$ cat final.pdb   # PDB, C-alpha atoms
ATOM      1  CA  MET A 956       0.265 -12.593 -13.662
ATOM      2  CA  ASP A 957      -1.265  -9.197 -14.530
ATOM      3  CA  ALA A 958      -2.766  -9.029 -11.030
ATOM      4  CA  PHE A 959       0.665  -9.502  -9.464
ATOM      5  CA  TYR A 960       2.511  -7.018 -11.691
ATOM      6  CA  VAL A 961      -0.117  -4.261 -11.574
ATOM      7  CA  SER A 962      -0.507  -4.646  -7.796
ATOM      8  CA  THR A 963       3.241  -4.498  -7.216
ATOM      9  CA  LEU A 964       3.744  -1.431  -9.384
ATOM     10  CA  ALA A 965       0.687   0.438  -8.109
ATOM     11  CA  VAL A 966       1.497  -0.031  -4.426
ATOM     12  CA  ALA A 967       5.258   0.531  -4.788
ATOM     13  CA  ILE A 968       4.642   3.896  -6.420
ATOM     14  CA  ALA A 969       1.764   4.859  -4.107
ATOM     15  CA  GLU A 970       3.827   3.994  -1.019
ATOM     16  CA  ILE A 971       6.589   6.505  -1.759
ATOM     17  CA  GLY A 972       6.161   9.356   0.696
ATOM     18  CA  ASP A 973       3.243   7.572   2.368
ATOM     19  CA  LYS A 974       2.694   7.590   6.119
ATOM     20  CA  THR A 975       3.830   3.977   6.452
ATOM     21  CA  GLN A 976       7.080   4.781   4.664
ATOM     22  CA  LEU A 977       7.663   7.578   7.155
ATOM     23  CA  LEU A 978       6.866   5.069   9.903
ATOM     24  CA  ALA A 979       9.507   2.697   8.488
ATOM     25  CA  LEU A 980      12.031   5.529   8.631
ATOM     26  CA  MET A 981      11.129   6.348  12.247
ATOM     27  CA  LEU A 982      11.336   2.696  13.302
ATOM     28  CA  ALA A 983      14.716   2.318  11.575
ATOM     29  CA  ALA A 984      16.029   5.380  13.399
ATOM     30  CA  ARG A 985      14.625   4.249  16.745
ATOM     31  CA  TYR A 986      15.599   0.574  16.777
ATOM     32  CA  ARG A 987      18.527   0.404  14.321
ATOM     33  CA  LYS A 988      17.700  -3.269  13.664
ATOM     34  CA  PRO A 989      16.708  -3.462   9.990
ATOM     35  CA  TRP A 990      15.864  -7.177   9.677
ATOM     36  CA  PRO A 991      13.270  -7.372  12.489
ATOM     37  CA  ILE A 992      11.717  -4.160  11.122
ATOM     38  CA  ILE A 993      11.581  -5.559   7.578
ATOM     39  CA  ALA A 994      10.063  -8.811   8.884
ATOM     40  CA  GLY A 995       7.468  -6.828  10.845
ATOM     41  CA  ILE A 996       6.574  -4.795   7.753
ATOM     42  CA  LEU A 997       6.077  -7.979   5.724
ATOM     43  CA  VAL A 998       3.955  -9.722   8.381
ATOM     44  CA  ALA A 999       1.802  -6.637   8.971
ATOM     45  CA  THR A1000       1.363  -6.015   5.242
ATOM     46  CA  LEU A1001       0.441  -9.632   4.511
ATOM     47  CA  ALA A1002      -2.169  -9.586   7.282
ATOM     48  CA  ASN A1003      -3.553  -6.147   6.460
ATOM     49  CA  HIS A1004      -3.572  -6.527   2.687
ATOM     50  CA  GLY A1005      -4.803 -10.121   2.930
ATOM     51  CA  LEU A1006      -7.858  -8.850   4.796
ATOM     52  CA  ALA A1007      -8.247  -5.876   2.445
ATOM     53  CA  GLY A1008      -7.931  -8.140  -0.598
ATOM     54  CA  TRP A1009     -10.510 -10.546   0.788
ATOM     55  CA  ILE A1010     -12.917  -7.626   1.280
ATOM     56  CA  GLY A1011     -12.274  -6.450  -2.280
ATOM     57  CA  ALA A1012     -12.931  -9.933  -3.667
ATOM     58  CA  TRP A1013     -16.050 -10.296  -1.509
ATOM     59  CA  VAL A1014     -17.440  -6.978  -2.782
ATOM     60  CA  THR A1015     -17.445  -8.426  -6.293
ATOM     61  CA  THR A1016     -20.101 -10.923  -5.179
ATOM     62  CA  LEU A1017     -22.431  -8.147  -4.010
ATOM     63  CA  PHE A1018     -22.689  -5.977  -7.109
ATOM     64  CA  SER A1019     -23.329  -6.397 -10.808
ATOM     65  CA  PRO A1020     -20.278  -6.135 -13.072
ATOM     66  CA  GLU A1021     -21.416  -2.740 -14.373
ATOM     67  CA  VAL A1022     -21.887  -1.239 -10.879
ATOM     68  CA  LEU A1023     -18.574  -2.744  -9.807
ATOM     69  CA  ARG A1024     -16.852  -1.321 -12.896
ATOM     70  CA  TRP A1025     -17.862   2.251 -12.065
ATOM     71  CA  ALA A1026     -17.122   1.774  -8.366
ATOM     72  CA  VAL A1027     -13.598   0.693  -9.344
ATOM     73  CA  VAL A1028     -13.251   3.696 -11.697
ATOM     74  CA  LEU A1029     -14.310   6.091  -8.922
ATOM     75  CA  SER A1030     -12.072   4.348  -6.384
ATOM     76  CA  PHE A1031      -9.009   4.527  -8.637
ATOM     77  CA  ALA A1032      -9.750   8.192  -9.353
ATOM     78  CA  ALA A1033     -10.082   8.888  -5.612
ATOM     79  CA  VAL A1034      -6.777   7.119  -4.873
ATOM     80  CA  ALA A1035      -5.174   9.165  -7.697
ATOM     81  CA  ALA A1036      -6.317  12.400  -6.039
ATOM     82  CA  TRP A1037      -5.337  11.108  -2.594
ATOM     83  CA  ALA A1038      -1.836  10.291  -3.837
ATOM     84  CA  LEU A1039      -1.227  13.996  -4.404
ATOM     85  CA  VAL A1040      -1.698  14.778  -0.700
ATOM     86  CA  PRO A1041       1.583  14.502   1.238
ATOM     87  CA  ASP A1042       1.449  12.280   4.314
ATOM     88  CA  LYS A1043       3.058  12.978   7.658
ATOM     89  CA  LEU A1044       3.263  11.118  10.924
ATOM     90  CA  GLU A1045       1.821  12.930  13.882
ATOM     91  CA  ASP A1046       4.004  13.413  16.930
ATOM     92  CA  GLY A1047       3.929  10.494  19.313
ATOM     93  CA  GLU A1048       2.276   8.164  16.815
ATOM     94  CA  VAL A1049       5.046   5.563  17.265
ATOM     95  CA  LYS A1050       5.916   4.497  20.779
ATOM     96  CA  ALA A1051       8.777   2.243  21.786
ATOM     97  CA  SER A1052       7.733  -1.331  22.468
ATOM     98  CA  ARG A1053       9.048  -3.405  25.312
ATOM     99  CA  PHE A1054       8.686  -6.405  22.973
ATOM    100  CA  GLY A1055      11.283  -5.186  20.469
ATOM    101  CA  ALA A1056      11.516  -3.991  16.900
ATOM    102  CA  PHE A1057       9.621  -6.863  15.250
ATOM    103  CA  VAL A1058       6.514  -6.661  17.456
ATOM    104  CA  ALA A1059       6.523  -2.849  17.471
ATOM    105  CA  THR A1060       6.793  -2.756  13.679
ATOM    106  CA  THR A1061       4.145  -5.424  13.106
ATOM    107  CA  ILE A1062       1.598  -3.728  15.356
ATOM    108  CA  ALA A1063       2.374  -0.164  14.261
ATOM    109  CA  PHE A1064       2.380  -1.004  10.544
ATOM    110  CA  PHE A1065      -0.867  -2.954  10.736
ATOM    111  CA  ILE A1066      -2.628  -0.112  12.578
ATOM    112  CA  VAL A1067      -1.205   2.752  10.498
ATOM    113  CA  GLU A1068      -2.040   0.903   7.264
ATOM    114  CA  ILE A1069      -5.762   0.737   8.180
ATOM    115  CA  GLY A1070      -7.563   3.134   5.841
ATOM    116  CA  ASP A1071      -4.303   4.109   4.136
ATOM    117  CA  LYS A1072      -4.286   4.676   0.373
ATOM    118  CA  THR A1073      -2.296   1.485  -0.237
ATOM    119  CA  GLN A1074      -4.883  -0.522   1.709
ATOM    120  CA  VAL A1075      -7.698   1.115  -0.259
ATOM    121  CA  ALA A1076      -5.765   0.377  -3.453
ATOM    122  CA  THR A1077      -5.512  -3.276  -2.365
ATOM    123  CA  VAL A1078      -9.290  -3.474  -1.917
ATOM    124  CA  VAL A1079      -9.826  -1.952  -5.359
ATOM    125  CA  LEU A1080      -7.178  -4.129  -7.022
ATOM    126  CA  ALA A1081      -8.680  -7.277  -5.484
ATOM    127  CA  ALA A1082     -12.107  -6.230  -6.765
ATOM    128  CA  GLN A1083     -10.643  -5.811 -10.240
ATOM    129  CA  TYR A1084      -8.125  -8.662 -10.508
ATOM    130  CA  SER A1085      -7.896 -12.308  -9.612
ATOM    131  CA  PRO A1086      -6.524 -14.540  -8.268
ATOM    132  CA  LEU A1087      -6.536 -12.897  -4.863
ATOM    133  CA  TRP A1088      -3.175 -14.354  -3.827
ATOM    134  CA  GLN A1089      -1.476 -12.526  -6.719
ATOM    135  CA  VAL A1090      -2.986  -9.204  -5.650
ATOM    136  CA  VAL A1091      -1.919  -9.670  -2.008
ATOM    137  CA  ALA A1092       1.538 -10.937  -3.010
ATOM    138  CA  GLY A1093       1.910  -7.998  -5.397
ATOM    139  CA  THR A1094       0.818  -5.339  -2.911
ATOM    140  CA  THR A1095       3.065  -6.876  -0.254
ATOM    141  CA  LEU A1096       6.025  -6.864  -2.655
ATOM    142  CA  GLY A1097       5.180  -3.264  -3.590
ATOM    143  CA  MET A1098       5.312  -2.285   0.085
ATOM    144  CA  ALA A1099       8.665  -4.074   0.425
ATOM    145  CA  VAL A1100      10.081  -2.392  -2.697
ATOM    146  CA  ALA A1101       9.223   1.024  -1.250
ATOM    147  CA  ASN A1102      10.053   0.389   2.414
ATOM    148  CA  VAL A1103      13.040  -1.966   2.561
ATOM    149  CA  PRO A1104      15.497   0.600   1.090
ATOM    150  CA  VAL A1105      14.228   3.181   3.584
ATOM    151  CA  VAL A1106      14.806   0.796   6.478
ATOM    152  CA  LEU A1107      18.230  -0.303   5.232
ATOM    153  CA  LEU A1108      19.523   3.129   4.291
ATOM    154  CA  GLY A1109      17.584   5.192   6.816
ATOM    155  CA  ALA A1110      17.428   8.957   6.845
ATOM    156  CA  LYS A1111      20.233   9.383   4.309
ATOM    157  CA  PHE A1112      18.195   7.651   1.575
ATOM    158  CA  ALA A1113      14.807   9.052   2.611
ATOM    159  CA  ALA A1114      16.043  12.633   2.333
ATOM    160  CA  LYS A1115      16.914  12.018  -1.326
ATOM    161  CA  LEU A1116      13.559  10.551  -2.378
ATOM    162  CA  PRO A1117      11.793  12.747  -4.941
ATOM    163  CA  LEU A1118       8.520  12.633  -2.972
ATOM    164  CA  LYS A1119       6.647  15.199  -5.064
ATOM    165  CA  ALA A1120       7.519  13.397  -8.297
ATOM    166  CA  ALA A1121       6.558  10.057  -6.725
ATOM    167  CA  ARG A1122       3.163  11.431  -5.641
ATOM    168  CA  TRP A1123       2.518  12.698  -9.172
ATOM    169  CA  ALA A1124       3.612   9.363 -10.664
ATOM    170  CA  ALA A1125       1.293   7.482  -8.289
ATOM    171  CA  ALA A1126      -1.575   9.839  -9.130
ATOM    172  CA  ALA A1127      -0.923   9.364 -12.861
ATOM    173  CA  LEU A1128      -0.810   5.574 -12.483
ATOM    174  CA  PHE A1129      -4.113   5.403 -10.590
ATOM    175  CA  ALA A1130      -5.740   7.889 -12.985
ATOM    176  CA  ALA A1131      -4.583   5.717 -15.896
ATOM    177  CA  LEU A1132      -6.026   2.635 -14.196
ATOM    178  CA  ALA A1133      -9.340   4.493 -13.694
ATOM    179  CA  LEU A1134      -9.400   5.501 -17.343
ATOM    180  CA  TRP A1135      -8.468   1.987 -18.480
ATOM    181  CA  VAL A1136     -11.311   0.414 -16.464
ATOM    182  CA  ALA A1137     -13.742   3.111 -17.652
ATOM    183  CA  LEU A1138     -12.899   2.421 -21.291
ATOM    184  CA  ARG A1139     -12.209  -1.326 -21.266
ATOM    185  CA  GLY A1140     -14.199  -2.623 -18.307
ATOM    186  CA  LEU A1141     -13.046  -5.037 -15.660
ATOM    187  CA  PRO A1142     -10.761  -7.915 -16.637
ATOM    188  CA  GLY A1143     -12.099 -11.440 -16.628
TER
END

$ encode --input "final.pdb" --output "structure tokens"
Amino acid sequence: MDAFYVSTLAVAIAEIGDKTQLLALMLAARYRKPWPIIAGILVATLANHGLAGWIGAWVTTLFSPEVLRWAVVLSFAAVAAWALVPDKLEDGEVKASRFGAFVATTIAFFIVEIGDKTQVATVVLAAQYSPLWQVVAGTTLGMAVANVPVVLLGAKFAAKLPLKAARWAAAALFAALALWVALRGLPG
């Protein structure tokens, strides 16, 4: 269950203050229907992180364990540095959907998550841990842990999030993972 726990913790911390969390806040303010938004977040995350996890697992078949080890170390270090950069949504990035909150959330979350640090973290985690389903379930739960309170409590809660501290905690976590892999190697 290490894959599940590490994936959940890593993504939950990395997601705080992330662009997709800001998107969740915007969708909650626009639609004021928390349950379709939460369902859309879960569907989009499962699809996006499922694909990212599959790519991460596939990469392990292409490289030797030693090359993969150092690629994972560099990737975790890059995500640690990236976590320190505050995200923001650009104006007009979220448009109202004529299909409702669920479809708008599913599409917007899937697209905004492409290339996001939590998606990159999912690729790296899937390259490091198995089974794949635990990584994807963990990263999806991590996204839910970070985004569901924002959707349910909206702007009032989001304004109180210690975003700077969360970015530093995420950076520290990914730096620790990089160091751990550098010193101990890949599990399994």

$ atom_distance --input "final.pdb" --atom1 "atom CA of Ile1062 of chain A" --atom2 "atom CA of His1004 of chain A"
14.0 Å

$ atom_distance --input "final.pdb" --atom1 "atom CA of Asn1003 of chain A" --atom2 "atom CA of Lys974 of chain A"
15.1 Å

$ atom_distance --input "final.pdb" --atom1 "atom CA of Val1014 of chain A" --atom2 "atom CA of Ala1002 of chain A"
18.5 Å

$ residues_around --input "final.pdb" --residues "Val1028 of chain A" --least-positions-apart "2" --cutoff "7 Å" --atoms "only C-alpha atoms" --output "number ranges by chain"
A: 1024-1026, 1030-1032, 1133, 1136-1137

$ resolve_selection --input "final.pdb" --expression "the PyMOL selection byres ((chain A and resi 1132) around 12)" --output "number ranges by chain"
A: 961-962, 964-965, 1024, 1027-1035, 1076, 1079-1080, 1083, 1125-1131, 1133-1142

$ closest_residue --input "final.pdb" --among "A:Ala969, A:Leu978, A:Ala1082, A:Ala983" --to "Ile1066 of chain A" --atoms "all atoms listed in the file"
A:Leu978

$ residues_around --input "final.pdb" --residues "Leu1087 of chain A" --least-positions-apart "2" --cutoff "8 Å" --atoms "only C-alpha atoms" --output "ChimeraX atom specification"
/A:1008-1009,1012,1081,1084-1085,1089-1091

$ residues_near_point --input "final.pdb" --point "(10.1, -7.7, 14.1)" --cutoff "7 Å" --atoms "only C-alpha atoms" --output "PDB file with C-alpha atoms, in the frame of the given file"
ATOM      1  CA  PRO A 991      13.270  -7.372  12.489  1.00  0.00           C
ATOM      2  CA  ILE A 992      11.717  -4.160  11.122  1.00  0.00           C
ATOM      3  CA  ALA A 994      10.063  -8.811   8.884  1.00  0.00           C
ATOM      4  CA  GLY A 995       7.468  -6.828  10.845  1.00  0.00           C
ATOM      5  CA  GLY A1055      11.283  -5.186  20.469  1.00  0.00           C
ATOM      6  CA  ALA A1056      11.516  -3.991  16.900  1.00  0.00           C
ATOM      7  CA  PHE A1057       9.621  -6.863  15.250  1.00  0.00           C
ATOM      8  CA  VAL A1058       6.514  -6.661  17.456  1.00  0.00           C
ATOM      9  CA  ALA A1059       6.523  -2.849  17.471  1.00  0.00           C
ATOM     10  CA  THR A1060       6.793  -2.756  13.679  1.00  0.00           C
ATOM     11  CA  THR A1061       4.145  -5.424  13.106  1.00  0.00           C
TER      12      THR A1061
END

$ closest_residue --input "final.pdb" --among "A:Leu1006, A:Trp1013, A:Ile971, A:Lys1072" --to "Ala1036 of chain A" --atoms "all atoms listed in the file"
A:Lys1072

$ closest_residue --input "final.pdb" --among "A:Leu1017, A:Thr1073, A:Gly1097, A:Ile968" --to "Ala1120 of chain A" --atoms "all atoms listed in the file"
A:Ile968

$ residues_near_point --input "final.pdb" --point "(1.4, -5.4, -3.5)" --cutoff "6 Å" --atoms "only C-alpha atoms" --output "VMD selection string"
chain A and resid 962 to 963 966 1091 to 1097

$ write_last_selection --input "final.pdb" --atoms "C-alpha atoms" --output "PDB file, in the frame of the given file"
ATOM      1  CA  SER A 962      -0.507  -4.646  -7.796  1.00  0.00           C
ATOM      2  CA  THR A 963       3.241  -4.498  -7.216  1.00  0.00           C
ATOM      3  CA  VAL A 966       1.497  -0.031  -4.426  1.00  0.00           C
ATOM      4  CA  VAL A1091      -1.919  -9.670  -2.008  1.00  0.00           C
ATOM      5  CA  ALA A1092       1.538 -10.937  -3.010  1.00  0.00           C
ATOM      6  CA  GLY A1093       1.910  -7.998  -5.397  1.00  0.00           C
ATOM      7  CA  THR A1094       0.818  -5.339  -2.911  1.00  0.00           C
ATOM      8  CA  THR A1095       3.065  -6.876  -0.254  1.00  0.00           C
ATOM      9  CA  LEU A1096       6.025  -6.864  -2.655  1.00  0.00           C
ATOM     10  CA  GLY A1097       5.180  -3.264  -3.590  1.00  0.00           C
TER      11      GLY A1097
END

$ residues_around --input "final.pdb" --residues "Glu970 of chain A" --least-positions-apart "5" --cutoff "8 Å" --atoms "only C-alpha atoms" --output "VMD selection string"
chain A and resid 975 to 976 1073 1097 to 1098 1101 to 1102

$ closest_residue --input "final.pdb" --among "A:Val1078, A:Ala1063, A:Leu980, A:Tyr960" --to "Gly1005 of chain A" --atoms "only C-alpha atoms"
A:Val1078

$ axis_aligned_box --input "final.pdb" --around "segment 1124-1143 of chain A" --padding-each-side "5 Å" --output "lines of an AutoDock Vina configuration file"
center_x = -5.3
center_y = -0.8
center_z = -14.8
size_x = 27.8
size_y = 31.3
size_z = 23.0
